[in-house]
>>> print(open('my_file02.cif').read())   # mmCIF, C-alpha atoms
data_structure
#
loop_
_atom_site.label_atom_id
_atom_site.label_comp_id
_atom_site.auth_asym_id
_atom_site.auth_seq_id
_atom_site.Cartn_x
_atom_site.Cartn_y
_atom_site.Cartn_z
CA MET V 1 -4.83 -0.97 5.27
CA ALA V 2 -4.04 1.86 2.88
CA LYS V 3 -1.60 1.02 0.14
CA ILE V 4 1.74 2.76 0.06
CA GLU V 5 2.66 4.38 -3.23
CA THR V 6 4.98 1.96 -5.02
CA LYS V 7 6.73 4.46 -7.26
CA GLU V 8 10.17 5.39 -6.01
CA PRO V 9 10.87 9.03 -5.08
CA GLY V 10 12.47 11.16 -7.74
CA ALA V 11 15.78 11.55 -5.94
CA PRO V 12 17.65 8.28 -6.53
CA ASN V 13 19.89 8.48 -3.48
CA GLY V 14 20.62 5.41 -1.36
CA SER V 15 18.69 6.45 1.74
CA SER V 16 15.52 7.12 -0.27
CA ARG V 17 15.76 3.71 -1.94
CA VAL V 18 16.17 1.98 1.43
CA ALA V 19 13.19 3.91 2.81
CA THR V 20 11.10 3.02 -0.24
CA ALA V 21 11.97 -0.69 -0.01
CA TYR V 22 11.29 -0.68 3.73
CA ARG V 23 7.89 1.04 3.39
CA ARG V 24 6.73 -1.17 0.54
CA LEU V 25 7.75 -4.44 2.17
CA LYS V 26 6.36 -3.42 5.56
CA ASP V 27 3.04 -2.44 4.00
CA GLU V 28 2.83 -5.80 2.22
CA ILE V 29 3.60 -7.68 5.44
CA LEU V 30 1.14 -5.75 7.59
CA SER V 31 -1.64 -6.13 5.02
CA ASN V 32 -0.95 -9.89 4.74
CA GLU V 33 0.03 -9.69 1.08
CA LEU V 34 3.21 -11.34 2.32
CA PRO V 35 1.80 -13.76 4.92
CA GLY V 36 3.54 -15.42 7.81
CA GLY V 37 5.98 -18.03 6.53
CA TYR V 38 6.47 -16.32 3.16
CA GLN V 39 10.07 -16.73 2.07
CA ALA V 40 12.01 -15.18 -0.82
CA LEU V 41 15.58 -14.66 -1.90
CA GLU V 42 17.04 -11.19 -1.66
CA GLN V 43 17.48 -11.08 -5.45
CA GLU V 44 13.85 -12.06 -6.02
CA ILE V 45 12.66 -9.23 -3.79
CA ALA V 46 14.99 -6.74 -5.48
CA GLU V 47 13.72 -7.70 -8.93
CA ARG V 48 10.10 -7.42 -7.84
CA LEU V 49 10.72 -3.97 -6.36
CA GLY V 50 12.76 -2.88 -9.36
CA MET V 51 15.90 -1.95 -7.45
CA SER V 52 19.33 -3.30 -6.56
CA ARG V 53 19.99 -5.74 -3.73
CA THR V 54 21.83 -3.23 -1.51
CA PRO V 55 18.81 -1.10 -0.45
CA VAL V 56 16.70 -4.26 -0.18
CA ARG V 57 19.26 -5.84 2.15
CA GLU V 58 19.25 -2.76 4.39
CA ALA V 59 15.46 -2.63 4.37
CA LEU V 60 15.28 -6.29 5.40
CA ILE V 61 17.64 -5.63 8.31
CA ARG V 62 15.31 -2.85 9.48
CA LEU V 63 12.31 -5.15 9.17
CA GLN V 64 14.16 -7.79 11.18
CA ASP V 65 14.81 -5.18 13.88
CA ASP V 66 11.06 -4.50 13.86
CA GLY V 67 10.42 -8.18 14.55
CA LEU V 68 8.59 -8.71 11.24
CA VAL V 69 11.04 -10.91 9.30
CA ASP V 70 14.01 -13.18 9.80
CA VAL V 71 16.98 -12.62 7.49
CA VAL V 72 18.50 -15.98 6.60
CA PRO V 73 22.03 -16.05 5.11
CA ARG V 74 21.95 -17.24 1.48
CA ARG V 75 18.21 -17.84 1.77
CA GLY V 76 16.87 -14.30 1.78
CA MET V 77 14.15 -13.51 4.23
CA ARG V 78 11.18 -15.17 5.86
CA VAL V 79 8.13 -13.36 7.24
CA ARG V 80 7.79 -14.32 10.88
CA ASN V 81 4.78 -16.31 11.98
CA VAL V 82 2.88 -15.05 15.01
CA SER V 83 1.61 -17.58 17.54
CA ILE V 84 -1.06 -17.26 20.20
CA ASP V 85 1.66 -16.93 22.84
CA ASP V 86 3.35 -14.23 20.74
CA MET V 87 0.09 -12.27 20.60
CA ARG V 88 -0.43 -12.59 24.33
CA GLU V 89 3.08 -11.31 25.06
CA ILE V 90 2.77 -8.47 22.54
CA TYR V 91 -0.55 -7.34 23.99
CA GLU V 92 0.71 -7.55 27.56
CA LEU V 93 3.38 -5.04 26.56
CA LEU V 94 1.04 -3.01 24.38
CA TYR V 95 -1.65 -2.37 26.96
CA CYS V 96 0.96 -1.20 29.46
CA ILE V 97 2.68 1.05 26.91
CA GLU V 98 -0.50 2.60 25.53
CA ALA V 99 -1.97 3.13 29.00
CA THR V 100 1.17 5.07 29.92
CA ALA V 101 0.97 7.01 26.64
CA ALA V 102 -2.63 8.04 27.39
CA GLU V 103 -1.62 9.08 30.91
CA LEU V 104 1.26 11.17 29.56
CA LEU V 105 -1.03 12.81 27.03
CA ALA V 106 -3.48 13.78 29.77
CA ALA V 107 -0.57 15.23 31.75
CA ARG V 108 0.32 17.52 28.84
CA HIS V 109 -2.77 19.69 29.53
CA LEU V 110 -3.49 20.15 25.85
CA ALA V 111 -5.63 23.06 24.69
CA LEU V 112 -9.18 22.05 23.83
CA ASP V 113 -8.60 22.96 20.17
CA SER V 114 -5.15 21.37 19.97
CA ARG V 115 -4.13 19.46 16.86
CA GLU V 116 -3.55 16.33 18.96
CA LEU V 117 -7.09 16.20 20.34
CA LEU V 118 -8.64 17.07 17.00
CA LEU V 119 -6.82 14.22 15.25
CA LEU V 120 -7.77 11.72 17.97
CA GLU V 121 -11.42 12.77 17.66
CA GLU V 122 -11.26 12.69 13.88
CA ALA V 123 -9.99 9.10 13.88
CA THR V 124 -12.74 8.09 16.34
CA ASP V 125 -15.42 9.76 14.22
CA GLU V 126 -14.14 7.90 11.16
CA MET V 127 -14.31 4.59 13.03
CA GLU V 128 -17.95 5.28 13.85
CA GLN V 129 -18.81 6.21 10.26
CA CYS V 130 -17.05 3.11 8.91
CA LEU V 131 -19.06 0.85 11.21
CA LYS V 132 -22.28 2.46 9.99
CA ARG V 133 -21.23 1.61 6.41
CA ASP V 134 -20.13 -1.89 7.50
CA ASP V 135 -16.63 -1.01 6.28
CA LEU V 136 -14.49 -3.08 8.64
CA ASP V 137 -11.29 -2.45 6.69
CA GLY V 138 -11.81 1.30 6.94
CA TRP V 139 -12.63 0.90 10.62
CA ALA V 140 -9.37 -0.99 11.20
CA GLU V 141 -7.36 1.71 9.46
CA ALA V 142 -8.95 4.50 11.51
CA ASP V 143 -8.53 2.46 14.68
CA ALA V 144 -4.83 1.93 13.96
CA ARG V 145 -4.44 5.65 13.34
CA PHE V 146 -5.98 6.46 16.74
CA HIS V 147 -3.55 4.14 18.52
CA ASN V 148 -0.63 5.54 16.53
CA TYR V 149 -1.62 9.06 17.57
CA LEU V 150 -1.64 8.07 21.26
CA LEU V 151 1.96 6.97 20.93
CA GLU V 152 3.08 9.79 18.64
CA PHE V 153 1.68 12.57 20.82
CA CYS V 154 2.58 11.23 24.27
CA GLY V 155 5.88 13.11 24.43
CA ASN V 156 8.11 10.08 25.08
CA ALA V 157 9.93 9.08 21.90
CA ARG V 158 11.35 5.85 23.32
CA LEU V 159 7.99 4.65 24.57
CA ALA V 160 6.43 5.57 21.20
CA LYS V 161 9.08 3.60 19.29
CA VAL V 162 8.59 0.44 21.34
CA GLY V 163 4.81 0.76 21.16
CA ALA V 164 4.86 1.22 17.39
CA ALA V 165 6.98 -1.93 17.00
CA MET V 166 4.56 -3.95 19.13
CA ALA V 167 1.56 -2.62 17.21
CA ALA V 168 3.19 -3.53 13.89
CA GLN V 169 3.94 -7.07 15.04
CA CYS V 170 0.31 -7.77 15.89
CA HIS V 171 -1.36 -5.71 13.13
CA ARG V 172 -1.66 -8.42 10.51
CA VAL V 173 -3.16 -10.85 13.04
CA ARG V 174 -5.68 -8.19 14.02
CA LEU V 175 -6.66 -7.91 10.35
CA LEU V 176 -6.88 -11.68 9.92
CA THR V 177 -9.24 -12.00 12.90
CA LEU V 178 -11.25 -8.84 12.18
CA ARG V 179 -14.23 -10.77 10.80
CA LEU V 180 -13.87 -13.63 13.26
CA ARG V 181 -14.52 -11.41 16.28
CA PRO V 182 -17.69 -9.68 17.49
CA ARG V 183 -18.49 -6.41 15.75
CA PRO V 184 -16.18 -3.80 17.41
CA THR V 185 -18.85 -1.40 18.60
CA ASP V 186 -17.28 -0.92 22.04
CA SER V 187 -14.03 0.44 20.62
CA THR V 188 -15.51 3.79 19.58
CA ASP V 189 -16.98 4.31 23.05
CA ASP V 190 -13.63 3.44 24.64
CA HIS V 191 -11.78 5.86 22.40
CA ARG V 192 -14.20 8.68 23.18
CA ALA V 193 -13.80 7.99 26.89
CA VAL V 194 -10.00 8.13 26.59
CA VAL V 195 -10.18 11.44 24.69
CA ARG V 196 -12.51 12.89 27.34
CA ALA V 197 -10.03 11.91 30.06
CA ILE V 198 -7.13 13.43 28.12
CA ARG V 199 -9.13 16.58 27.44
CA SER V 200 -9.96 16.96 31.14
CA HIS V 201 -6.35 16.19 32.20
CA ASP V 202 -7.51 13.12 34.15
CA GLU V 203 -4.32 11.06 34.00
CA GLU V 204 -5.55 8.14 36.08
CA SER V 205 -8.74 7.66 34.06
CA ALA V 206 -6.91 7.95 30.75
CA HIS V 207 -4.47 5.26 31.89
CA ASP V 208 -7.12 2.89 33.23
CA ILE V 209 -9.52 3.23 30.28
CA GLN V 210 -6.81 2.60 27.70
CA ARG V 211 -5.40 -0.36 29.62
CA THR V 212 -8.85 -1.96 29.91
CA HIS V 213 -9.54 -1.28 26.24
CA ARG V 214 -6.42 -3.08 25.02
CA ARG V 215 -6.85 -5.95 27.50
CA ARG V 216 -10.36 -6.52 26.15
CA ALA V 217 -9.03 -6.51 22.59
CA MET V 218 -6.39 -9.06 23.57
CA THR V 219 -9.03 -11.39 25.01
CA LEU V 220 -11.21 -11.15 21.90
CA ILE V 221 -8.33 -11.82 19.50
CA LEU V 222 -6.90 -14.72 21.50
CA ASP V 223 -10.37 -16.27 21.79
CA ALA V 224 -10.82 -16.01 18.01
CA LEU V 225 -7.43 -17.60 17.34
CA ARG V 226 -8.24 -20.51 19.64
CA ARG V 227 -11.79 -20.95 18.33
CA TYR V 228 -10.60 -21.25 14.73
CA HIS V 229 -7.48 -23.24 15.67
CA LEU V 230 -5.14 -20.54 14.33
CA THR V 231 -2.25 -21.44 16.59
CA GLU V 232 0.28 -19.75 14.32
CA VAL V 233 -0.30 -17.34 11.42
#
>>> encode(input="my_file02.cif", output="structure tokens")
Amino acid sequence: MAKIETKEPGAPNGSSRVATAYRRLKDEILSNELPGGYQALEQEIAERLGMSRTPVREALIRLQDDGLVDVVPRRGMRVRNVSIDDMREIYELLYCIEATAAELLAARHLALDSRELLLLEEATDEMEQCLKRDDLDGWAEADARFHNYLLEFCGNARLAKVGAAMAAQCHRVRLLTLRLRPRPTDSTDDHRAVVRAIRSHDEESAHDIQRTHRRRAMTLILDALRRYHLTEV
């Protein structure tokens, strides 16, 4: 996952400091730099980030709302572990949400040269190129971008917000199991099929392809977790 720039923005206002703390901590959690079970005091986090406790406290509350950490009074925060049952529940929501997002995108009747379609195709092309280079980390980043675009462009802000939260909660487990699963060659084909359905305004196909795609991913990840006895990460 791409690193987020750690230097704070030039304007030292409170909202920018909260946003900076939030982005940096979220990036470290999603990339597994701060693994499940990691615990630290609020002051320790503030010192490491080079800022006061107030923006850190607000950032931690946002991360707790995202389902990524637990804020413990007088004990700082703890990165939430994700169990096999958690992953199953997250994916059961995610494949429904993303299937609806793909259906809504198809219903928008986008122009063939629209920015939305071009970005979806660009992310899919990058996935394919990364696999050819055996760059699984680059593939995962491009894959995440494709799924983010589906949510961002669907036209339903509430659905996109819930979907983004679910995707964030399972992202670090997806990275942990990336090399424990079969090579993800089918994903590029699935993405191209979804884009074709969206491009041709075929709402039903877009919905069904995306739902099947995420259900397959769920099965592969849960199988990997069970095979390697990773009941909680």
>>> resolve_selection(input="my_file02.cif", expression="the PyMOL selection byres ((chain V and resi 132-139) around 9)", output="list in words")
Met1, Ala2, Glu126, Met127, Glu128, Gln129, Cys130, Leu131, Ala140, Glu141, Ala142, Asp143, Ala144, Leu175, Leu178, Arg179, Arg183 and Pro184 of chain V
>>> residues_around(input="my_file02.cif", residues="stretch 162-171 of chain V", least_positions_apart="2", cutoff="9 Å", atoms="only C-alpha atoms", output="MDAnalysis selection string")
chainID V and resid 26 30:31 66:68 82 86:87 90:91 93:94 97:98 144 147:148 151:152 157:160 173:176
>>> write_last_selection(input="my_file02.cif", atoms="C-alpha atoms", output="compact mmCIF listing (two decimals), in the frame of the given file")
# COMPACT_ATOMS: atom_id res chain seq x y z
CA LYS V 26 6.36 -3.42 5.56
CA LEU V 30 1.14 -5.75 7.59
CA SER V 31 -1.64 -6.13 5.02
CA ASP V 66 11.06 -4.50 13.86
CA GLY V 67 10.42 -8.18 14.55
CA LEU V 68 8.59 -8.71 11.24
CA VAL V 82 2.88 -15.05 15.01
CA ASP V 86 3.35 -14.23 20.74
CA MET V 87 0.09 -12.27 20.60
CA ILE V 90 2.77 -8.47 22.54
CA TYR V 91 -0.55 -7.34 23.99
CA LEU V 93 3.38 -5.04 26.56
CA LEU V 94 1.04 -3.01 24.38
CA ILE V 97 2.68 1.05 26.91
CA GLU V 98 -0.50 2.60 25.53
CA ALA V 144 -4.83 1.93 13.96
CA HIS V 147 -3.55 4.14 18.52
CA ASN V 148 -0.63 5.54 16.53
CA LEU V 151 1.96 6.97 20.93
CA GLU V 152 3.08 9.79 18.64
CA ALA V 157 9.93 9.08 21.90
CA ARG V 158 11.35 5.85 23.32
CA LEU V 159 7.99 4.65 24.57
CA ALA V 160 6.43 5.57 21.20
CA VAL V 173 -3.16 -10.85 13.04
CA ARG V 174 -5.68 -8.19 14.02
CA LEU V 175 -6.66 -7.91 10.35
CA LEU V 176 -6.88 -11.68 9.92
>>> residues_near_point(input="my_file02.cif", point="(-11.3, -11.2, 20.4)", cutoff="10 Å", atoms="all atoms listed in the file", output="JSON, numbers by chain")
{"V": [174, 177, 178, 180, 181, 182, 183, 184, 215, 216, 217, 218, 219, 220, 221, 222, 223, 224, 225, 226, 227]}
>>> write_last_selection(input="my_file02.cif", atoms="C-alpha atoms", output="PDB file, in the frame of the given file")
ATOM      1  CA  ARG V 174      -5.680  -8.190  14.020  1.00  0.00           C
ATOM      2  CA  THR V 177      -9.240 -12.000  12.900  1.00  0.00           C
ATOM      3  CA  LEU V 178     -11.250  -8.840  12.180  1.00  0.00           C
ATOM      4  CA  LEU V 180     -13.870 -13.630  13.260  1.00  0.00           C
ATOM      5  CA  ARG V 181     -14.520 -11.410  16.280  1.00  0.00           C
ATOM      6  CA  PRO V 182     -17.690  -9.680  17.490  1.00  0.00           C
ATOM      7  CA  ARG V 183     -18.490  -6.410  15.750  1.00  0.00           C
ATOM      8  CA  PRO V 184     -16.180  -3.800  17.410  1.00  0.00           C
ATOM      9  CA  ARG V 215      -6.850  -5.950  27.500  1.00  0.00           C
ATOM     10  CA  ARG V 216     -10.360  -6.520  26.150  1.00  0.00           C
ATOM     11  CA  ALA V 217      -9.030  -6.510  22.590  1.00  0.00           C
ATOM     12  CA  MET V 218      -6.390  -9.060  23.570  1.00  0.00           C
ATOM     13  CA  THR V 219      -9.030 -11.390  25.010  1.00  0.00           C
ATOM     14  CA  LEU V 220     -11.210 -11.150  21.900  1.00  0.00           C
ATOM     15  CA  ILE V 221      -8.330 -11.820  19.500  1.00  0.00           C
ATOM     16  CA  LEU V 222      -6.900 -14.720  21.500  1.00  0.00           C
ATOM     17  CA  ASP V 223     -10.370 -16.270  21.790  1.00  0.00           C
ATOM     18  CA  ALA V 224     -10.820 -16.010  18.010  1.00  0.00           C
ATOM     19  CA  LEU V 225      -7.430 -17.600  17.340  1.00  0.00           C
ATOM     20  CA  ARG V 226      -8.240 -20.510  19.640  1.00  0.00           C
ATOM     21  CA  ARG V 227     -11.790 -20.950  18.330  1.00  0.00           C
TER      22      ARG V 227
END
>>> atom_distance(input="my_file02.cif", atom1="atom CA of V:Leu25", atom2="atom CA of V:Glu122")
28.1 Å
>>> residues_near_point(input="my_file02.cif", point="(2.4, -23.4, 17.0)", cutoff="10 Å", atoms="only C-alpha atoms", output="ChimeraX atom specification")
/V:81-86,229-233
>>> atom_distance(input="my_file02.cif", atom1="atom CA of V:Val18", atom2="atom CA of V:Gln39")
19.7 Å
>>> resolve_selection(input="my_file02.cif", expression="the PyMOL selection byres ((chain V and resi 201-207) around 12)", output="count of residues only")
39
>>> atom_distance(input="my_file02.cif", atom1="atom CA of V:Glu116", atom2="atom CA of V:Leu63")
28.4 Å
>>> closest_residue(input="my_file02.cif", among="V:Arg48, V:Arg172, V:Lys161, V:Arg80", to="V:Gly36", atoms="all atoms listed in the file")
V:Arg80
>>> closest_residue(input="my_file02.cif", among="V:Glu44, V:Asp113, V:Glu89, V:Glu28", to="V:Gly76", atoms="only C-alpha atoms")
V:Glu44
>>> resolve_selection(input="my_file02.cif", expression="the PyMOL selection byres ((chain V and resi 41) around 10)", output="mmCIF file with C-alpha atoms, in the coordinates of the input")
data_model
loop_
_atom_site.group_PDB
_atom_site.id
_atom_site.type_symbol
_atom_site.label_atom_id
_atom_site.label_comp_id
_atom_site.auth_asym_id
_atom_site.auth_seq_id
_atom_site.Cartn_x
_atom_site.Cartn_y
_atom_site.Cartn_z
ATOM 1 C CA GLN V 39 10.070 -16.730 2.070
ATOM 2 C CA ALA V 40 12.010 -15.180 -0.820
ATOM 3 C CA GLU V 42 17.040 -11.190 -1.660
ATOM 4 C CA GLN V 43 17.480 -11.080 -5.450
ATOM 5 C CA GLU V 44 13.850 -12.060 -6.020
ATOM 6 C CA ILE V 45 12.660 -9.230 -3.790
ATOM 7 C CA ALA V 46 14.990 -6.740 -5.480
ATOM 8 C CA VAL V 71 16.980 -12.620 7.490
ATOM 9 C CA VAL V 72 18.500 -15.980 6.600
ATOM 10 C CA PRO V 73 22.030 -16.050 5.110
ATOM 11 C CA ARG V 74 21.950 -17.240 1.480
ATOM 12 C CA ARG V 75 18.210 -17.840 1.770
ATOM 13 C CA GLY V 76 16.870 -14.300 1.780
ATOM 14 C CA MET V 77 14.150 -13.510 4.230
ATOM 15 C CA ARG V 78 11.180 -15.170 5.860
#
>>> axis_aligned_box(input="my_file02.cif", around="stretch 158-165 of chain V", padding_each_side="8 Å", output="JSON")
{"center_x": 8.1, "center_y": 2.0, "center_z": 20.8, "size_x": 22.5, "size_y": 23.8, "size_z": 23.6}
>>> closest_residue(input="my_file02.cif", among="V:Leu34, V:Val69, V:Arg88, V:Phe153", to="V:Leu119", atoms="all atoms listed in the file")
V:Phe153
